[in-house]
>>> print(open('query.txt').read())   # compact mmCIF, C-alpha atoms
# COMPACT_ATOMS: atom_id res chain seq x y z
CA MET A 10 15.94 2.77 19.49
CA ARG A 11 12.41 3.01 20.86
CA ARG A 12 9.30 1.92 19.01
CA PHE A 13 5.73 2.67 19.93
CA GLY A 14 2.49 0.69 19.78
CA PHE A 15 -0.84 2.29 20.60
CA ALA A 16 -4.06 1.01 22.14
CA LEU A 17 -6.52 3.89 22.04
CA VAL A 18 -10.23 3.12 22.04
CA ALA A 19 -13.50 5.07 22.24
CA ALA A 20 -17.08 3.89 21.91
CA LEU A 21 -18.81 5.37 18.90
CA LEU A 22 -19.65 3.76 15.56
CA ALA A 23 -18.96 0.26 14.28
CA ALA A 24 -16.21 -0.04 11.65
CA PRO A 25 -16.91 -1.63 8.27
CA ALA A 26 -15.95 -5.29 8.00
CA VAL A 27 -13.06 -6.50 5.90
CA ALA A 28 -13.76 -8.87 3.01
CA ASN A 29 -14.12 -12.57 3.78
CA ASP A 30 -11.09 -14.51 4.97
CA THR A 31 -7.73 -12.81 4.26
CA MET A 32 -6.82 -10.08 1.77
CA SER A 33 -3.17 -9.20 1.23
CA THR A 34 -2.01 -5.64 0.69
CA LEU A 35 -0.08 -3.97 -2.12
CA GLY A 36 2.52 -1.66 -0.62
CA ALA A 37 2.91 1.59 -2.56
CA GLY A 38 5.13 4.50 -1.60
CA GLY A 39 6.13 8.01 -2.54
CA LEU A 40 7.68 9.67 -5.55
CA ILE A 41 11.18 8.89 -6.79
CA PHE A 42 13.28 11.86 -7.87
CA ILE A 43 16.45 11.58 -9.88
CA GLU A 44 19.22 12.92 -7.67
CA THR A 45 20.38 16.50 -8.13
CA ASP A 46 22.81 18.56 -6.08
CA GLU A 47 21.03 21.83 -6.81
CA VAL A 48 17.62 21.00 -5.32
CA ARG A 49 16.94 19.94 -1.74
CA MET A 50 13.83 18.43 -0.19
CA ALA A 51 13.04 21.01 2.47
CA ARG A 52 9.94 19.31 3.81
CA GLU A 53 7.75 16.23 3.37
CA ASP A 54 4.29 15.83 4.91
CA LEU A 55 2.87 12.31 4.73
CA TYR A 56 -0.73 11.43 5.65
CA ILE A 57 -1.87 7.80 5.76
CA SER A 58 -5.37 6.46 6.36
CA PRO A 59 -7.37 3.46 5.10
CA GLU A 60 -9.09 5.81 2.65
CA GLN A 61 -6.24 7.90 1.25
CA VAL A 62 -2.49 8.49 1.18
CA ARG A 63 -1.40 12.09 0.65
CA VAL A 64 2.17 13.35 0.33
CA ARG A 65 3.22 16.99 0.10
CA TYR A 66 6.82 17.83 -0.80
CA GLU A 67 8.54 21.22 -0.66
CA PHE A 68 11.63 21.47 -2.88
CA HIS A 69 13.98 24.45 -2.92
CA ASN A 70 16.45 25.12 -5.68
CA ASP A 71 19.45 26.66 -3.92
CA SER A 72 21.35 27.29 -7.14
CA ASP A 73 21.30 30.22 -9.55
CA LYS A 74 20.09 28.12 -12.49
CA ASP A 75 16.89 26.29 -13.32
CA THR A 76 16.94 22.52 -12.89
CA ASP A 77 14.86 19.81 -14.52
CA ALA A 78 14.51 16.35 -13.02
CA LEU A 79 12.71 13.14 -13.91
CA VAL A 80 10.07 12.15 -11.35
CA ALA A 81 8.59 8.67 -11.11
CA PHE A 82 5.89 6.98 -9.06
CA PRO A 83 6.36 3.19 -9.20
CA LEU A 84 3.29 1.13 -8.40
CA PRO A 85 3.70 -2.23 -6.67
CA ASP A 86 3.73 -5.26 -8.92
CA ILE A 87 0.32 -6.90 -9.33
CA LYS A 88 0.39 -10.65 -9.96
CA GLY A 89 -2.62 -12.64 -11.03
CA ASP A 90 -3.48 -15.79 -9.13
CA GLY A 91 -6.04 -18.55 -9.26
CA ASP A 92 -7.02 -17.63 -5.71
CA PHE A 93 -6.61 -13.89 -6.26
CA MET A 94 -7.01 -12.30 -2.84
CA VAL A 95 -5.12 -9.02 -3.15
CA ALA A 96 -6.83 -5.78 -2.17
CA ILE A 97 -7.20 -3.74 -5.38
CA PRO A 98 -7.89 -0.10 -4.38
CA THR A 99 -10.13 0.88 -7.32
CA GLU A 100 -11.95 -0.77 -10.21
CA ASP A 101 -10.01 1.24 -12.78
CA PRO A 102 -7.79 -1.31 -14.61
CA VAL A 103 -5.35 1.43 -15.66
CA ASN A 104 -5.15 3.92 -12.78
CA VAL A 105 -5.52 1.21 -10.14
CA PHE A 106 -4.59 3.47 -7.20
CA GLY A 107 -6.50 6.57 -8.35
CA PHE A 108 -3.14 8.35 -8.62
CA GLU A 109 -3.19 12.18 -8.82
CA THR A 110 -0.35 14.74 -8.73
CA LEU A 111 -0.23 18.53 -8.43
CA VAL A 112 2.76 20.86 -8.90
CA ASP A 113 2.21 24.27 -7.31
CA GLY A 114 -1.49 23.49 -7.34
CA GLU A 115 -1.71 22.54 -11.02
CA PRO A 116 -2.46 18.96 -12.21
CA VAL A 117 0.41 17.02 -13.79
CA ASP A 118 -0.11 15.00 -16.95
CA ALA A 119 1.97 11.99 -15.95
CA GLN A 120 2.82 9.25 -18.43
CA LEU A 121 1.91 5.70 -17.46
CA HIS A 122 4.35 2.92 -18.36
CA GLN A 123 2.95 -0.63 -18.05
CA TYR A 124 4.60 -3.95 -18.80
CA VAL A 125 3.48 -7.55 -18.50
CA PHE A 126 5.88 -10.32 -17.51
CA ALA A 127 5.66 -14.10 -17.14
CA THR A 128 8.73 -16.24 -16.46
CA ASN A 129 10.76 -13.01 -16.77
CA ILE A 130 9.65 -12.55 -20.39
CA ASP A 131 7.99 -9.33 -21.57
CA TYR A 132 4.59 -10.17 -23.07
CA THR A 133 3.19 -6.62 -23.16
CA GLN A 134 2.91 -6.38 -26.93
CA TYR A 135 1.71 -9.98 -27.22
CA LEU A 136 -1.31 -9.33 -24.97
CA THR A 137 -1.94 -5.95 -26.59
CA ASP A 138 -2.07 -7.58 -30.03
CA LEU A 139 -4.64 -10.08 -28.70
CA GLY A 140 -6.78 -7.23 -27.35
CA ILE A 141 -6.36 -8.38 -23.74
CA PRO A 142 -6.20 -5.66 -21.02
CA LEU A 143 -2.86 -5.67 -19.19
CA ALA A 144 -4.40 -5.78 -15.71
CA PRO A 145 -4.37 -9.40 -14.41
CA PHE A 146 -7.77 -8.92 -12.74
CA GLY A 147 -11.22 -7.61 -13.51
CA GLU A 148 -14.16 -8.60 -15.66
CA ALA A 149 -12.82 -6.98 -18.85
CA THR A 150 -9.63 -9.06 -18.74
CA GLN A 151 -11.45 -12.31 -18.04
CA THR A 152 -14.04 -11.63 -20.75
CA ALA A 153 -11.29 -10.97 -23.31
CA ILE A 154 -9.54 -14.24 -22.43
CA ASN A 155 -12.79 -16.22 -22.55
CA ALA A 156 -13.50 -14.86 -26.03
CA LEU A 157 -10.28 -16.32 -27.47
CA ASP A 158 -10.27 -19.58 -29.43
CA ASP A 159 -9.08 -22.74 -27.72
CA ALA A 160 -5.72 -22.79 -29.53
CA THR A 161 -4.87 -19.26 -28.33
CA LYS A 162 -5.90 -20.10 -24.78
CA ARG A 163 -3.59 -23.11 -24.84
CA GLU A 164 -0.79 -20.87 -26.14
CA LEU A 165 -1.37 -18.45 -23.26
CA PHE A 166 -1.11 -21.40 -20.90
CA ARG A 167 2.09 -22.62 -22.61
CA ARG A 168 3.63 -19.19 -22.07
CA ALA A 169 2.65 -19.30 -18.34
CA LEU A 170 0.33 -16.31 -18.74
CA VAL A 171 -2.81 -18.14 -17.59
CA ILE A 172 -3.83 -21.27 -15.73
CA PRO A 173 -7.00 -23.35 -16.22
CA MET A 174 -9.51 -23.28 -13.37
CA GLU A 175 -12.41 -25.74 -13.31
CA TYR A 176 -15.68 -24.98 -11.57
CA ASP A 177 -19.31 -26.04 -11.56
CA ALA A 178 -21.88 -23.25 -11.75
CA GLY A 179 -24.81 -25.65 -11.98
CA GLN A 180 -24.32 -26.62 -15.61
CA GLY A 181 -21.55 -29.16 -15.20
CA LEU A 182 -17.80 -28.60 -15.13
CA GLN A 183 -16.58 -25.46 -16.87
CA THR A 184 -13.04 -24.21 -17.42
CA ASP A 185 -11.85 -20.61 -17.30
CA TYR A 186 -8.30 -19.57 -18.08
CA VAL A 187 -7.27 -17.20 -15.28
CA PRO A 188 -4.45 -14.64 -15.70
CA VAL A 189 -1.32 -15.21 -13.60
CA TRP A 190 1.04 -12.75 -15.24
CA THR A 191 2.72 -9.87 -13.39
CA LEU A 192 1.88 -6.26 -14.22
CA LYS A 193 4.58 -3.65 -13.61
CA SER A 194 3.48 0.01 -13.72
CA THR A 195 5.19 3.38 -13.25
CA TYR A 196 4.06 6.97 -13.73
CA SER A 197 6.67 9.53 -14.78
CA TRP A 198 7.03 13.18 -15.79
CA GLU A 199 9.62 15.98 -15.98
CA ALA A 200 9.67 18.39 -13.04
CA HIS A 201 10.98 21.96 -13.34
CA PHE A 202 12.66 23.70 -10.39
CA PRO A 203 13.27 27.45 -11.02
CA ALA A 204 16.46 28.94 -9.59
CA GLY A 205 16.15 30.19 -6.01
CA GLU A 206 12.50 29.15 -5.69
CA THR A 207 10.44 26.58 -3.79
CA VAL A 208 8.24 24.15 -5.69
CA VAL A 209 5.40 22.27 -3.96
CA VAL A 210 4.64 18.78 -5.28
CA GLU A 211 1.57 16.96 -3.96
CA HIS A 212 0.36 13.51 -4.83
CA SER A 213 -2.38 11.28 -3.53
CA TYR A 214 -3.76 7.82 -4.10
CA LYS A 215 -6.07 5.26 -2.56
CA PRO A 216 -4.10 2.62 -0.63
CA SER A 217 -4.45 -1.11 -0.95
CA VAL A 218 -5.86 -2.20 2.41
CA GLY A 219 -5.40 -5.85 3.29
CA GLY A 220 -6.72 -7.62 6.36
CA THR A 221 -8.57 -10.49 8.00
CA VAL A 222 -12.00 -11.02 9.51
CA ALA A 223 -10.55 -11.79 12.95
CA VAL A 224 -7.65 -10.91 15.24
CA THR A 225 -4.90 -13.42 14.50
CA PHE A 226 -1.87 -12.38 16.56
CA LEU A 227 -3.23 -13.71 19.88
CA SER A 228 -3.12 -17.29 18.67
CA PRO A 229 -0.26 -19.59 19.74
CA PRO A 230 2.59 -20.47 17.34
CA TYR A 231 1.82 -23.02 14.66
CA GLU A 232 3.73 -24.62 11.76
CA ASP A 233 6.94 -22.70 12.56
CA TYR A 234 5.02 -19.39 12.59
CA ASP A 235 4.67 -17.23 15.70
CA PRO A 236 1.93 -14.63 15.09
CA ALA A 237 2.76 -12.60 18.22
CA ALA A 238 6.45 -12.33 17.32
CA ASP A 239 5.68 -11.47 13.70
CA TYR A 240 3.25 -8.69 14.62
CA LYS A 241 5.60 -7.28 17.24
CA LYS A 242 8.38 -7.05 14.66
CA ARG A 243 6.17 -5.68 11.89
CA TYR A 244 3.78 -3.40 13.80
CA CYS A 245 5.49 -2.95 17.21
CA THR A 246 2.46 -4.31 19.08
CA ASP A 247 3.29 -3.62 22.73
CA ASP A 248 1.79 -4.88 26.00
CA SER A 249 -0.77 -2.08 26.30
CA PHE A 250 -2.06 -2.77 22.80
CA ILE A 251 -2.28 -6.53 23.34
CA ASN A 252 -3.91 -6.14 26.77
CA ALA A 253 -6.54 -3.79 25.34
CA VAL A 254 -7.46 -6.47 22.80
CA LYS A 255 -7.49 -9.24 25.42
CA LYS A 256 -9.95 -7.26 27.54
CA THR A 257 -12.50 -7.60 24.75
CA LEU A 258 -12.33 -11.40 24.56
CA PRO A 259 -15.60 -13.07 25.64
CA LYS A 260 -13.49 -16.03 26.80
CA PRO A 261 -9.74 -15.68 27.55
CA ASP A 262 -8.98 -19.05 25.94
CA GLU A 263 -10.59 -18.11 22.61
CA PRO A 264 -8.09 -15.75 20.91
CA TYR A 265 -10.21 -15.36 17.77
CA GLY A 266 -13.19 -14.04 19.70
CA ALA A 267 -12.08 -10.40 19.89
CA PRO A 268 -14.67 -8.08 18.26
CA PHE A 269 -12.27 -6.71 15.64
CA THR A 270 -11.27 -7.18 12.05
CA GLU A 271 -7.70 -6.42 11.00
CA SER A 272 -6.66 -3.90 8.34
CA TRP A 273 -3.09 -3.65 7.07
CA LEU A 274 -1.51 -0.67 5.32
CA SER A 275 2.00 -0.54 3.89
CA TYR A 276 3.93 2.52 2.77
CA ILE A 277 7.26 2.07 0.99
CA TRP A 278 9.09 5.09 2.34
CA SER A 279 12.53 3.82 1.31
CA THR A 280 11.80 5.41 -2.08
CA GLY A 281 12.62 8.68 -0.30
CA ALA A 282 16.21 7.47 -0.05
CA ASN A 283 16.52 8.11 -3.78
CA TRP A 284 16.69 11.81 -2.98
CA SER A 285 20.20 13.12 -2.36
CA GLY A 286 20.67 14.15 1.27
CA THR A 287 18.26 14.10 4.16
CA ILE A 288 14.74 15.51 4.26
CA GLY A 289 14.84 18.82 6.13
CA THR A 290 11.57 18.23 8.00
CA PHE A 291 9.54 15.02 7.80
CA HIS A 292 6.01 15.11 9.24
CA LEU A 293 3.88 11.97 9.45
CA THR A 294 0.17 11.71 10.24
CA ILE A 295 -1.52 8.34 10.69
CA ASP A 296 -5.32 8.23 10.78
CA LYS A 297 -6.91 5.03 12.14
CA GLY A 298 -10.26 5.80 10.51
CA LEU A 299 -12.73 5.66 13.41
CA PRO A 300 -12.30 6.62 17.09
CA GLN A 301 -13.14 3.14 18.41
CA ASN A 302 -10.46 1.45 16.30
CA LEU A 303 -7.04 0.43 17.63
CA VAL A 304 -3.81 1.16 15.79
CA SER A 305 -0.21 0.01 16.12
CA PHE A 306 2.89 0.94 14.12
CA CYS A 307 6.61 1.54 14.55
CA TRP A 308 8.21 4.96 14.91
CA ASP A 309 11.57 5.90 16.39
CA GLY A 310 10.64 9.01 18.31
CA GLU A 311 7.80 10.90 19.97
CA VAL A 312 4.22 10.36 18.84
CA THR A 313 1.41 12.81 19.64
CA LYS A 314 -2.30 12.01 19.56
CA THR A 315 -3.76 15.08 17.84
CA GLY A 316 -7.39 14.05 17.37
CA PRO A 317 -9.90 11.26 17.92
CA THR A 318 -8.30 9.24 15.11
CA THR A 319 -4.97 10.91 14.30
CA PHE A 320 -1.38 10.53 15.51
CA GLU A 321 1.41 12.83 14.38
CA MET A 322 5.20 12.59 14.35
CA GLU A 323 7.97 14.87 13.13
CA ALA A 324 11.71 14.56 12.58
CA LYS A 325 14.44 16.94 11.39
CA ASP A 326 17.10 15.99 8.83
CA TRP A 327 15.27 12.70 8.43
CA TRP A 328 16.30 9.66 6.45
CA PRO A 329 14.03 6.61 5.84
CA PRO A 330 15.04 3.82 8.23
CA TYR A 331 17.19 1.21 6.56
CA GLY A 332 15.52 -2.15 6.04
CA ARG A 333 12.10 -1.12 7.41
CA GLU A 334 9.07 0.20 5.59
CA LEU A 335 6.07 1.72 7.33
CA GLU A 336 3.55 -0.99 8.30
CA VAL A 337 0.30 0.02 10.01
CA LEU A 338 -2.08 -2.34 11.79
CA ILE A 339 -5.63 -1.12 12.39
CA LEU A 340 -8.14 -3.14 14.39
CA ASN A 341 -11.67 -2.22 13.33
CA ARG A 342 -14.07 -2.44 16.27
CA GLN A 343 -17.24 -4.35 15.35
CA ASP A 344 -19.32 -3.95 18.54
CA PRO A 345 -17.94 -0.90 20.36
CA GLU A 346 -18.31 -0.85 24.13
CA PRO A 347 -17.53 2.11 26.41
CA ASN A 348 -14.34 2.22 28.43
CA VAL A 349 -12.61 -0.66 26.64
CA GLY A 350 -9.08 0.53 27.23
>>> encode(input="query.txt", output="structure tokens")
Amino acid sequence: MRRFGFALVAALLAAPAVANDTMSTLGAGGLIFIETDEVRMAREDLYISPEQVRVRYEFHNDSDKDTDALVAFPLPDIKGDGDFMVAIPTEDPVNVFGFETLVDGEPVDAQLHQYVFATNIDYTQYLTDLGIPLAPFGEATQTAINALDDATKRELFRRALVIPMEYDAGQGLQTDYVPVWTLKSTYSWEAHFPAGETVVVEHSYKPSVGGTVAVTFLSPPYEDYDPAADYKKRYCTDDSFINAVKKTLPKPDEPYGAPFTESWLSYIWSTGANWSGTIGTFHLTIDKGLPQNLVSFCWDGEVTKTGPTTFEMEAKDWWPPYGRELEVLILNRQDPEPNVG
């Protein structure tokens, strides 16, 4: 098994900076189809960039009868936290990922299912009755909690739905009750596959892009954590990639001095394993955003650079690799220099 890491740099524009400190990512994936023997996935085209994820499926019904199947798009769980530092793709508290789906070019009216849990107890109706939005983030949710009476706030705390956070905004100590519940969300709809025909399903969403304000994997191991080993396992960072980053260090002994910020993207492609059989043709395109950025990821096979920012891969009779999701590391160049690597 061979894996590839890439260090490809050009000197053009500066990349936008990541938010302060560290922002973790929410890994979404593709659609889940209830298994059927009559319909096969002839082709899947997956495009991933920091701005958008697009997936195009071609399904062919080989049988002589129409087939209906339930389709679902599960969103990653979103958990509130007192130090909430998760990259939320949009400001829409309902359609967090800006999810859209087309079937043969026509929009699908997907149904959204959302549930709130704390300590493995379903509190969806409880929050709904209180008039609190289900999203554990955003101004609307916090405003609704702040408007509750003290007894109700204490009850939310007793049920492990919120935690008190004290702060001083210049008027003495104040307390806000911050949501810490978990939101589980899934879109679903019924798909129709006519006998002997091919149906094209397309869906897109804005990914959750995590990251840091500095390059972290050049630092030595600390507290039983080895950054270099972790990144090599997760993103297949190879010698050429690491050397390209080291060339940018103002001082070799200062690993955090590289002129990059990190961006992390995750795609849960194991959801494709819910389809019966292999995918006839799987085509993957990864776009690193800007030409001067660096990118590293794992792929078992040949990778072709097809443009200033794009890399493409293809496999026949493909099956998602067991135990490994797609993790992409992008280093955003902050002060591009010519001929870096």
>>> closest_residue(input="query.txt", among="A:Leu139, A:Ala144, A:Ala153, A:Val337", to="A:Lys241", atoms="all atoms listed in the file")
A:Val337
>>> residues_around(input="query.txt", residues="A:Glu199", least_positions_apart="6", cutoff="7 Å", atoms="all atoms listed in the file", output="VMD selection string")
chain A and resid 77 to 80
>>> write_last_selection(input="query.txt", atoms="C-alpha atoms", output="PDB file, in the coordinates of the input")
ATOM      1  CA  ASP A  77      14.860  19.810 -14.520  1.00  0.00           C
ATOM      2  CA  ALA A  78      14.510  16.350 -13.020  1.00  0.00           C
ATOM      3  CA  LEU A  79      12.710  13.140 -13.910  1.00  0.00           C
ATOM      4  CA  VAL A  80      10.070  12.150 -11.350  1.00  0.00           C
TER       5      VAL A  80
END
>>> atom_distance(input="query.txt", atom1="atom CA of A:Tyr135", atom2="atom CA of A:Gly147")
19.0 Å
>>> axis_aligned_box(input="query.txt", around="stretch 44-58 of chain A", padding_each_side="6 Å", output="JSON")
{"center_x": 8.7, "center_y": 14.1, "center_z": -0.9, "size_x": 40.2, "size_y": 27.4, "size_z": 26.5}
>>> residues_around(input="query.txt", residues="A:Gly266", least_positions_apart="4", cutoff="8 Å", atoms="all atoms listed in the file", output="list in words")
Ala223, Val224, Leu258, Pro259 and Lys260 of chain A
>>> write_last_selection(input="query.txt", atoms="C-alpha atoms", output="tab-separated table (two decimals), in the frame of the given file")
chain	number	residue	atom	x	y	z
A	223	ALA	CA	-10.55	-11.79	12.95
A	224	VAL	CA	-7.65	-10.91	15.24
A	258	LEU	CA	-12.33	-11.40	24.56
A	259	PRO	CA	-15.60	-13.07	25.64
A	260	LYS	CA	-13.49	-16.03	26.80
>>> closest_residue(input="query.txt", among="A:Asp54, A:Asp239, A:Asp159, A:Glu148", to="A:Ala324", atoms="all atoms listed in the file")
A:Asp54
>>> closest_residue(input="query.txt", among="A:Phe291, A:Tyr214, A:Phe166, A:Tyr240", to="A:Trp190", atoms="all atoms listed in the file")
A:Phe166
